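Enquirer: I have a structure I would like to understand better, so I am pasting it below and will then ask my questions one at a time.
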Amino acid sequence: MSEARKRIGCVIVAHGDVAACLLDGVQRILGTQDGCRAVSNAGLGLAELVETVEEAIDDLAKTRDVVLFTDMPGGSCYHVCQEIVTARAGIQAMSGVNLMMLLEFFVKRDHHSMSELLRLVEERGRGAISLL
Amino acid sequence: MGFVLVRIDDRLVHGQVSVAWGSRLKPDRIVLVNDDVACCDWKRKLYGATDSLGAEIVVRSIESFVAERRGAEAGASRDFLIVASPGDLLALIRGGLAIDRANVGGMHFSEGKRKILEYVFVDDDDVAALRAIIAAGVRLEAQDVPQSPSYDVECALDRVECPGQ
């Protein structure tokens, strides 16, 4: 890792308990991780969800570049991530989050640039889908 | 009438709308009437591109929706109409939208709002608009997804706003 590069953190924004459960799954496999937050849309309107995600980003952004992972294209979480990415420079977002994407993210995040990391994460996420 | 469902939902077009209700109702179009989205280019594109199981998504401002319907024949298309708030629905009704029932799908908590049902929070403006919609002969039923029970919004308002009556 180059001296100049900030570490990379993530906020997972998803329906119900999905974000917290994905993070729980990651940490059961990789152990405790820092620089990550889980946000649920439960009970929140769009404006309140934007605010909650912004707070999570601000908390991480002091020391890190931040990527948002969200679950369902076209859902409220996705729309909120889109709104934040549009309004705020330097925040990246990716939908369709699954466990393999997050494992790839946490394993590789200190060894790649943001754009390269996101390419690897996307590839791993797509590759995780197969018929058994 | 042309509407398979008219819904108040402050999350606009999202999973409950496009997937849960969309797969049940199979609308031809999801018509999102919202001034904030209609006047913003990227928001209009974002909502217009939502994957909604084959339904076309149409975004209109309140004014353009009212103007479009004025003088139009009662269409044969099966539209699913979404507005963000009771105030917006009331504006459509006052603009000539004739409906006898509407669904309240999500009015989430924000500062200063009080709870009348699990996912329905209101302030004084919301209550006034909901009462005016009911007074216009519209039955309002709260139901977030098709699999959930529905609740009469007038009863819920009476229970919370006028306890003991």
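Chain identifiers are assigned as A, B, and so on, following the order in which chains appear in the structure tokens; residues are numbered from 1 within each chain, and ligands are numbered from 1 in order of appearance.
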Up to 8 Å from chain B, what residues of chain A turn up? Count only C-alpha atoms and give them as JSON, numbers by chain.

Expert: {"A": [43, 44, 45, 46, 48, 72, 73, 74, 75, 76, 79]}

Enquirer: As a list of chain:residue names, please: all residues of range 3-45 of chain A that backbone DSSP puts in strand (DSSP E or B).

Expert: A:Arg7, A:Ile8, A:Gly9, A:Cys10, A:Val11, A:Ile12, A:Val13, A:Ala14, A:Cys36, A:Arg37, A:Ala38, A:Val39, A:Ser40, A:Leu44

Enquirer: Do you know which residues are at most 12 Å from Val97 in chain A counting only C-alpha atoms, after dropping those on the same chain fewer than 2 positions away, and could you put them as a PyMOL selection string?

Expert: chain A and resi 10-15+18-19+22-23+67-73+77-78+93-95+99-105+118+121-126+128-129

Enquirer: Counting only C-alpha atoms, which residue out of B:Leu90, B:Val104, B:Val145, B:Ile116 sits closest to Arg131 in chain B?

Expert: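 Residue with the minimum atom-to-atom distance to Arg131 in chain B: B:Leu90.
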
Enquirer: Please list as a short mmCIF file (atom, residue, chain, number, x, y, z; two decimals) with N, CA and C atoms, in the first residue's frame every residue within 12 Å of Gly137 in chain B, counting only C-alpha atoms and excluding residues in the same chain fewer than 5 positions away.

Expert:
data_model
loop_
_atom_site.label_atom_id
_atom_site.label_comp_id
_atom_site.auth_asym_id
_atom_site.auth_seq_id
_atom_site.Cartn_x
_atom_site.Cartn_y
_atom_site.Cartn_z
N LEU B 90 -54.28 14.87 -2.60
CA LEU B 90 -55.38 15.84 -2.52
C LEU B 90 -55.32 16.84 -3.68
N ILE B 93 -56.77 15.13 -6.65
CA ILE B 93 -58.23 15.01 -6.54
C ILE B 93 -58.88 16.37 -6.85
N ALA B 98 -60.70 11.38 -10.25
CA ALA B 98 -61.85 10.77 -9.59
C ALA B 98 -61.50 9.36 -9.16
N ILE B 99 -61.43 9.13 -7.87
CA ILE B 99 -61.13 7.79 -7.35
C ILE B 99 -62.03 7.53 -6.15
N ASP B 100 -62.28 6.24 -5.84
CA ASP B 100 -63.10 5.97 -4.66
C ASP B 100 -62.31 5.27 -3.57
N ARG B 101 -61.06 4.88 -3.89
CA ARG B 101 -60.21 4.33 -2.82
C ARG B 101 -58.74 4.55 -3.14
N ALA B 102 -57.95 4.56 -2.09
CA ALA B 102 -56.50 4.69 -2.28
C ALA B 102 -55.79 3.94 -1.16
N LEU B 130 -55.42 14.06 4.74
CA LEU B 130 -56.08 12.75 4.79
C LEU B 130 -57.57 12.92 5.04
N ARG B 131 -57.93 13.80 5.98
CA ARG B 131 -59.36 14.06 6.27
C ARG B 131 -60.08 14.61 5.03
N ALA B 132 -59.41 15.50 4.31
CA ALA B 132 -60.04 16.10 3.12
C ALA B 132 -60.23 15.05 2.02
N GLU B 154 -59.15 6.07 8.28
CA GLU B 154 -60.05 6.95 9.03
C GLU B 154 -60.19 6.46 10.47
#

Enquirer: Could you name the residues that touch Val58 in chain B at 8 Å or less, counting only C-alpha atoms, but leaving out those on the same chain fewer than 4 positions away, as a list in words?

Expert: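 These residues fall inside the cut-off: Arg29, Ile30, Val31, Leu32 and Gly48 of chain B.
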
Enquirer: Can you spit out the residues from that selection as a PDB file, in the first residue's frame, using C-alpha atoms?

Expert:
ATOM      1  CA  ARG B  29     -47.563   1.527 -16.295  1.00  0.00           C
ATOM      2  CA  ILE B  30     -46.351   2.806 -12.953  1.00  0.00           C
ATOM      3  CA  VAL B  31     -47.140   6.518 -12.940  1.00  0.00           C
ATOM      4  CA  LEU B  32     -45.050   8.435 -10.414  1.00  0.00           C
ATOM      5  CA  GLY B  48     -37.726   5.901 -15.132  1.00  0.00           C
TER       6      GLY B  48
END

Enquirer: Would you kindly return, as a PyMOL selection string, each protein, DNA or RNA residue with an atom no farther than 8 Å from any atom of Ile8 in chain A, considering only C-alpha atoms and excluding same-chain residues fewer than 4 positions away?

Expert: chain A and resi 35+64-67+109-110+114

Enquirer: Just the residues within 7 Å of Arg44 in chain B, please, counting only C-alpha atoms, with nothing from its chain fewer than 6 positions along; format it as a VMD selection string.

Expert: chain B and resid 37 to 38 59

Enquirer: As number ranges by chain, which residues of range 28-162 of chain B does DSSP assign to helix (DSSP H, G or I)?

Expert: B: 35-38, 41-48, 62-69, 86-94, 124-135, 153-161

Enquirer: Save out the residues we just selected, C-alpha atoms, as a PDB file, in the first residue's frame.

Expert:
ATOM      1  CA  ASP B  35     -42.721  17.449  -8.490  1.00  0.00           C
ATOM      2  CA  ASP B  36     -39.309  16.863  -6.941  1.00  0.00           C
ATOM      3  CA  VAL B  37     -38.503  13.939  -9.251  1.00  0.00           C
ATOM      4  CA  ALA B  38     -40.187  15.435 -12.335  1.00  0.00           C
ATOM      5  CA  ASP B  41     -33.192  15.356 -14.760  1.00  0.00           C
ATOM      6  CA  TRP B  42     -31.118  12.642 -13.102  1.00  0.00           C
ATOM      7  CA  LYS B  43     -33.892  11.674 -10.665  1.00  0.00           C
ATOM      8  CA  ARG B  44     -36.366  11.367 -13.536  1.00  0.00           C
ATOM      9  CA  LYS B  45     -33.955   9.111 -15.409  1.00  0.00           C
ATOM     10  CA  LEU B  46     -33.192   7.076 -12.279  1.00  0.00           C
ATOM     11  CA  TYR B  47     -36.854   6.371 -11.481  1.00  0.00           C
ATOM     12  CA  GLY B  48     -37.726   5.901 -15.132  1.00  0.00           C
ATOM     13  CA  ILE B  62     -48.688  17.303 -10.384  1.00  0.00           C
ATOM     14  CA  GLU B  63     -49.478  20.064 -12.853  1.00  0.00           C
ATOM     15  CA  SER B  64     -48.658  18.040 -15.962  1.00  0.00           C
ATOM     16  CA  PHE B  65     -50.560  15.000 -14.681  1.00  0.00           C
ATOM     17  CA  VAL B  66     -53.688  17.087 -14.019  1.00  0.00           C
ATOM     18  CA  ALA B  67     -53.398  18.820 -17.403  1.00  0.00           C
ATOM     19  CA  GLU B  68     -52.877  15.524 -19.206  1.00  0.00           C
ATOM     20  CA  ARG B  69     -55.953  13.946 -17.669  1.00  0.00           C
ATOM     21  CA  PRO B  86     -51.570  12.939   1.184  1.00  0.00           C
ATOM     22  CA  GLY B  87     -51.106  16.585   0.164  1.00  0.00           C
ATOM     23  CA  ASP B  88     -50.052  15.529  -3.344  1.00  0.00           C
ATOM     24  CA  LEU B  89     -52.992  13.123  -3.671  1.00  0.00           C
ATOM     25  CA  LEU B  90     -55.376  15.841  -2.519  1.00  0.00           C
ATOM     26  CA  ALA B  91     -53.948  18.177  -5.177  1.00  0.00           C
ATOM     27  CA  LEU B  92     -54.685  15.538  -7.835  1.00  0.00           C
ATOM     28  CA  ILE B  93     -58.234  15.015  -6.544  1.00  0.00           C
ATOM     29  CA  ARG B  94     -58.833  18.766  -6.556  1.00  0.00           C
ATOM     30  CA  ASP B 124     -51.083  18.333  11.192  1.00  0.00           C
ATOM     31  CA  ASP B 125     -50.823  18.966   7.436  1.00  0.00           C
ATOM     32  CA  ASP B 126     -50.995  15.220   6.708  1.00  0.00           C
ATOM     33  CA  VAL B 127     -54.037  14.817   8.968  1.00  0.00           C
ATOM     34  CA  ALA B 128     -55.819  17.730   7.271  1.00  0.00           C
ATOM     35  CA  ALA B 129     -55.061  16.298   3.816  1.00  0.00           C
ATOM     36  CA  LEU B 130     -56.078  12.746   4.790  1.00  0.00           C
ATOM     37  CA  ARG B 131     -59.359  14.056   6.270  1.00  0.00           C
ATOM     38  CA  ALA B 132     -60.040  16.099   3.122  1.00  0.00           C
ATOM     39  CA  ILE B 133     -59.380  13.053   0.901  1.00  0.00           C
ATOM     40  CA  ILE B 134     -61.782  10.968   3.006  1.00  0.00           C
ATOM     41  CA  ALA B 135     -64.355  13.796   2.910  1.00  0.00           C
ATOM     42  CA  VAL B 153     -57.005   4.977   7.863  1.00  0.00           C
ATOM     43  CA  GLU B 154     -60.047   6.952   9.033  1.00  0.00           C
ATOM     44  CA  CYS B 155     -60.454   4.586  12.007  1.00  0.00           C
ATOM     45  CA  ALA B 156     -56.749   4.880  12.803  1.00  0.00           C
ATOM     46  CA  LEU B 157     -56.943   8.678  12.673  1.00  0.00           C
ATOM     47  CA  ASP B 158     -60.018   8.717  14.921  1.00  0.00           C
ATOM     48  CA  ARG B 159     -58.358   6.389  17.403  1.00  0.00           C
ATOM     49  CA  VAL B 160     -55.192   8.465  17.714  1.00  0.00           C
ATOM     50  CA  GLU B 161     -56.477  11.981  17.118  1.00  0.00           C
TER      51      GLU B 161
END

Enquirer: Rounded to one decimal, what separation in Å do you get between CA of Asn98 in chain A and CA of Glu54 in chain A?

Expert: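 Distance between the two atoms: 22.0 Å.
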